[in-house]
Amino acid sequence: MTASVSSIARPQLSIGVYLESSDLIRSIEEILVHGDRYTLSIAPSEADFFQLIEHQKQQLDCLILQDGKELEALLNRLRTAAILLPIVIFHADQRQLDLRFLYHTAELWVPFNELNQIETWIDRSIEEFLELSPVCQLPDTITPPDFTQDLIAQNFLMLQQRRLTDKLKERLGYLGIYYKRSPKAFLKNLPPQEQQEFLDELRVEYRLIILNYFQDDGDLNQQIDNFVNAAFFADVPVSQIVEIHMELMDEFAKQLKLEGRSEEILLDYRLTLIDTIAHLCEMYRRSIPRES
């Protein structure tokens with residue numbers, strides 16, 4: 001079948017489906033494969049599902065899975081790979097759901113008898129995913145916490161939120177949905193321990209930016225964007241960013257002094273601070289809906 005392309009064509013929402021029930025797959029196809037809103041990628045096996053994830057993780061907009069004995073291991077594998085996506089999980093009507101979550105706090109559990117409302121559930125799962133804080137809680141695992149893996153997951157989450165919102169803006173004419181910040185995720189509203197953990201993570205990211213700033217690093221702009229995204233959604237004051245910068249400069253100055261080297265080189269890193277704040281200002285500029 002050849003699809004016609006018009007000048008006003010808009011991107012479809014890409015849905016990854018892995019279900020044990022063939023009847024459920026047929027029902028979802030009947031509901032979603034109409035018009036131009038969705039494109040489905042159906043995995044017939046677990047191996048095919050992870051191959052799909054590997055090849056399309058940057059393009060997938062929502063996952064549809066089914067509750068079963070392998071579900072927890074499957075979701076754990078996604079989480080271990082730092083891949084976070086909107087998700088709808090179908091379960092038996094009689095299933096007694098507990099309060100814990102398996103993947104992330106925006107996962108959506110839906111009984112089979114509400115299958116006919118799948119479009120609504122997809123929209124809701126995406127909406128809740130977009131409201132996830134970059135420092136959202138993930139399920140406990142038996143393995144020790146991996147700080148680097150947590151940062152990778154947070155960065156992936158922010159990039160997915162940005163990509164998905166840009167797609168929704170283009171497709172549905174949304175204005176500023178990506179910038180619809182949740183006050184409960186603001187730094188000032190987090191519990192003290194979470195505030196400290198978030199600031200520690202910001203310092204780690206900013207330190208990497210400092211170390212790479214004058215290197216030939218093609219990922220530098222992305223690193224700055226990741227840092228600014230986290231600061232923006234957490235409503236971090238500019239003064240806090242300046243404080244992080246000055247703390248790092250003091251740390252580097254002490255190290256240079258111990259090595260008997262001049263501290264003048266640190267003056268060049270004022271450019272890093274200016275660049276970062278400029279990125280943050282651009283975020284705020286773009287967050288203001290344009291007049292139509």
# chains A, B, ... in the order shown; residues from 1 in each chain; ligands from 1
>>> residues_around(residues="region 184-193 of chain A", least_positions_apart="4", cutoff="7 Å", atoms="only C-alpha atoms", output="VMD selection string")
chain A and resid 133 197 233 to 236
>>> residues_around(residues="region 204-212 of chain A", least_positions_apart="2", cutoff="12 Å", atoms="only C-alpha atoms", output="ChimeraX atom specification")
/A:147-148,151-152,154-155,197-202,214-231,241-249,251-252,266,268-273,275-276
>>> residues_around(residues="region 16-33 of chain A", least_positions_apart="3", cutoff="6 Å", atoms="only C-alpha atoms", output="count of residues only")
7
>>> residues_around(residues="region 111-115 of chain A", least_positions_apart="2", cutoff="6 Å", atoms="only C-alpha atoms", output="list in words")
Phe90, His91, Ala92, Asp93, Gln117 and Ile118 of chain A
>>> write_last_selection(atoms="C-alpha atoms", output="tab-separated table (two decimals), in the first residue's frame")
chain	number	residue	atom	x	y	z
A	90	PHE	CA	-3.56	-4.63	30.19
A	91	HIS	CA	-4.50	-6.92	33.06
A	92	ALA	CA	-7.28	-9.33	33.99
A	93	ASP	CA	-10.35	-7.71	35.55
A	117	GLN	CA	-11.03	2.94	25.24
A	118	ILE	CA	-7.43	2.24	24.21
>>> residues_around(residues="Asp61 (chain A)", least_positions_apart="4", cutoff="7 Å", atoms="only C-alpha atoms", output="PDB file with N, CA, C and O atoms, in the first residue's frame")
ATOM      1  N   LEU A  13       1.648   8.870  15.849  1.00  0.00           N
ATOM      2  CA  LEU A  13       2.157   8.366  17.114  1.00  0.00           C
ATOM      3  C   LEU A  13       2.572   6.917  16.904  1.00  0.00           C
ATOM      4  O   LEU A  13       1.796   6.098  16.412  1.00  0.00           O
ATOM      5  N   SER A  14       3.800   6.605  17.267  1.00  0.00           N
ATOM      6  CA  SER A  14       4.350   5.273  17.045  1.00  0.00           C
ATOM      7  C   SER A  14       4.139   4.414  18.291  1.00  0.00           C
ATOM      8  O   SER A  14       4.642   4.729  19.366  1.00  0.00           O
ATOM      9  N   ILE A  15       3.391   3.318  18.138  1.00  0.00           N
ATOM     10  CA  ILE A  15       3.015   2.460  19.258  1.00  0.00           C
ATOM     11  C   ILE A  15       3.700   1.103  19.119  1.00  0.00           C
ATOM     12  O   ILE A  15       3.566   0.433  18.091  1.00  0.00           O
ATOM     13  N   LEU A  85       9.589   4.913  28.730  1.00  0.00           N
ATOM     14  CA  LEU A  85       8.613   5.308  27.720  1.00  0.00           C
ATOM     15  C   LEU A  85       7.207   5.286  28.321  1.00  0.00           C
ATOM     16  O   LEU A  85       6.960   4.589  29.304  1.00  0.00           O
ATOM     17  N   PRO A  86       6.264   6.028  27.735  1.00  0.00           N
ATOM     18  CA  PRO A  86       4.867   5.870  28.157  1.00  0.00           C
ATOM     19  C   PRO A  86       4.443   4.417  27.960  1.00  0.00           C
ATOM     20  O   PRO A  86       4.898   3.753  27.021  1.00  0.00           O
ATOM     21  N   LEU A 164       8.666  13.796  22.243  1.00  0.00           N
ATOM     22  CA  LEU A 164       7.255  13.460  22.172  1.00  0.00           C
ATOM     23  C   LEU A 164       6.391  14.707  22.168  1.00  0.00           C
ATOM     24  O   LEU A 164       5.407  14.801  21.424  1.00  0.00           O
TER      25      LEU A 164
END
>>> select_by_dssp(residues="region 188-286 of chain A", states="helix (DSSP H, G or I)", output="mmCIF file with C-alpha atoms, in the first residue's frame")
data_model
loop_
_atom_site.group_PDB
_atom_site.id
_atom_site.type_symbol
_atom_site.label_atom_id
_atom_site.label_comp_id
_atom_site.auth_asym_id
_atom_site.auth_seq_id
_atom_site.Cartn_x
_atom_site.Cartn_y
_atom_site.Cartn_z
ATOM 1 C CA LYS A 188 11.645 24.066 46.493
ATOM 2 C CA ASN A 189 8.731 21.635 46.880
ATOM 3 C CA PRO A 192 15.034 17.945 51.796
ATOM 4 C CA GLN A 193 16.743 14.658 50.932
ATOM 5 C CA GLU A 194 15.428 14.725 47.345
ATOM 6 C CA GLN A 195 16.487 18.360 47.032
ATOM 7 C CA GLN A 196 20.033 17.434 47.999
ATOM 8 C CA GLU A 197 20.108 14.437 45.662
ATOM 9 C CA PHE A 198 18.845 16.553 42.771
ATOM 10 C CA LEU A 199 21.425 19.295 43.385
ATOM 11 C CA ASP A 200 24.185 16.686 43.648
ATOM 12 C CA GLU A 201 23.156 15.332 40.240
ATOM 13 C CA LEU A 202 23.110 18.830 38.773
ATOM 14 C CA ARG A 203 26.654 19.403 40.077
ATOM 15 C CA VAL A 204 27.837 16.174 38.444
ATOM 16 C CA GLU A 205 26.307 17.178 35.098
ATOM 17 C CA TYR A 206 27.675 20.711 35.288
ATOM 18 C CA ARG A 207 31.125 19.417 36.194
ATOM 19 C CA LEU A 208 31.097 17.311 33.008
ATOM 20 C CA ILE A 209 30.103 20.383 31.018
ATOM 21 C CA ILE A 210 33.012 22.326 32.536
ATOM 22 C CA LEU A 211 35.489 19.553 31.780
ATOM 23 C CA ASN A 212 34.324 19.228 28.166
ATOM 24 C CA LEU A 220 28.486 19.462 24.450
ATOM 25 C CA ASN A 221 25.315 21.267 23.359
ATOM 26 C CA GLN A 222 23.287 18.181 24.236
ATOM 27 C CA GLN A 223 24.939 18.051 27.661
ATOM 28 C CA ILE A 224 24.052 21.698 28.258
ATOM 29 C CA ASP A 225 20.489 21.074 27.045
ATOM 30 C CA ASN A 226 20.127 18.128 29.436
ATOM 31 C CA PHE A 227 21.373 20.231 32.333
ATOM 32 C CA VAL A 228 19.104 23.156 31.463
ATOM 33 C CA ASN A 229 16.080 20.877 30.963
ATOM 34 C CA ALA A 230 16.518 19.485 34.460
ATOM 35 C CA ALA A 231 16.973 22.967 35.940
ATOM 36 C CA PHE A 232 13.973 24.352 34.058
ATOM 37 C CA PHE A 233 11.506 21.650 35.074
ATOM 38 C CA VAL A 238 19.607 31.129 38.300
ATOM 39 C CA SER A 239 21.354 32.053 41.543
ATOM 40 C CA GLN A 240 21.565 28.319 42.346
ATOM 41 C CA ILE A 241 23.265 27.639 39.017
ATOM 42 C CA VAL A 242 25.720 30.456 39.689
ATOM 43 C CA GLU A 243 26.395 28.938 43.102
ATOM 44 C CA ILE A 244 27.116 25.524 41.541
ATOM 45 C CA HIS A 245 29.498 27.202 39.099
ATOM 46 C CA MET A 246 31.354 29.100 41.836
ATOM 47 C CA GLU A 247 31.656 26.000 44.016
ATOM 48 C CA LEU A 248 33.285 24.119 41.140
ATOM 49 C CA MET A 249 35.583 27.029 40.365
ATOM 50 C CA ASP A 250 36.705 27.073 44.028
ATOM 51 C CA GLU A 251 37.319 23.336 43.864
ATOM 52 C CA PHE A 252 39.387 23.649 40.685
ATOM 53 C CA ALA A 253 41.280 26.656 42.072
ATOM 54 C CA LYS A 254 42.378 24.647 45.108
ATOM 55 C CA GLN A 255 43.551 21.824 42.861
ATOM 56 C CA LEU A 256 45.500 24.202 40.615
ATOM 57 C CA LYS A 257 47.089 25.809 43.668
ATOM 58 C CA LEU A 258 48.214 22.406 44.936
ATOM 59 C CA GLU A 264 43.803 32.535 35.526
ATOM 60 C CA ILE A 265 42.588 29.764 33.234
ATOM 61 C CA LEU A 266 39.430 29.581 35.350
ATOM 62 C CA LEU A 267 38.384 33.022 34.121
ATOM 63 C CA ASP A 268 37.698 31.477 30.719
ATOM 64 C CA TYR A 269 34.994 29.324 32.272
ATOM 65 C CA ARG A 270 32.827 32.372 32.763
ATOM 66 C CA LEU A 271 31.825 31.585 29.177
ATOM 67 C CA THR A 272 30.435 28.259 30.353
ATOM 68 C CA LEU A 273 28.187 29.981 32.872
ATOM 69 C CA ILE A 274 27.051 32.585 30.340
ATOM 70 C CA ASP A 275 26.320 29.857 27.787
ATOM 71 C CA THR A 276 24.325 27.798 30.270
ATOM 72 C CA ILE A 277 22.244 30.750 31.453
ATOM 73 C CA ALA A 278 21.623 31.741 27.825
ATOM 74 C CA HIS A 279 20.251 28.254 27.160
ATOM 75 C CA LEU A 280 17.999 28.580 30.199
ATOM 76 C CA CYS A 281 16.727 31.969 29.019
ATOM 77 C CA GLU A 282 15.904 30.411 25.648
ATOM 78 C CA MET A 283 13.893 27.725 27.420
ATOM 79 C CA TYR A 284 11.815 30.378 29.150
ATOM 80 C CA ARG A 285 11.390 32.320 25.903
ATOM 81 C CA ARG A 286 10.117 29.240 24.117
#
>>> atom_distance(atom1="CA of Ser182 (chain A)", atom2="CA of Ile83 (chain A)")
22.1 Å
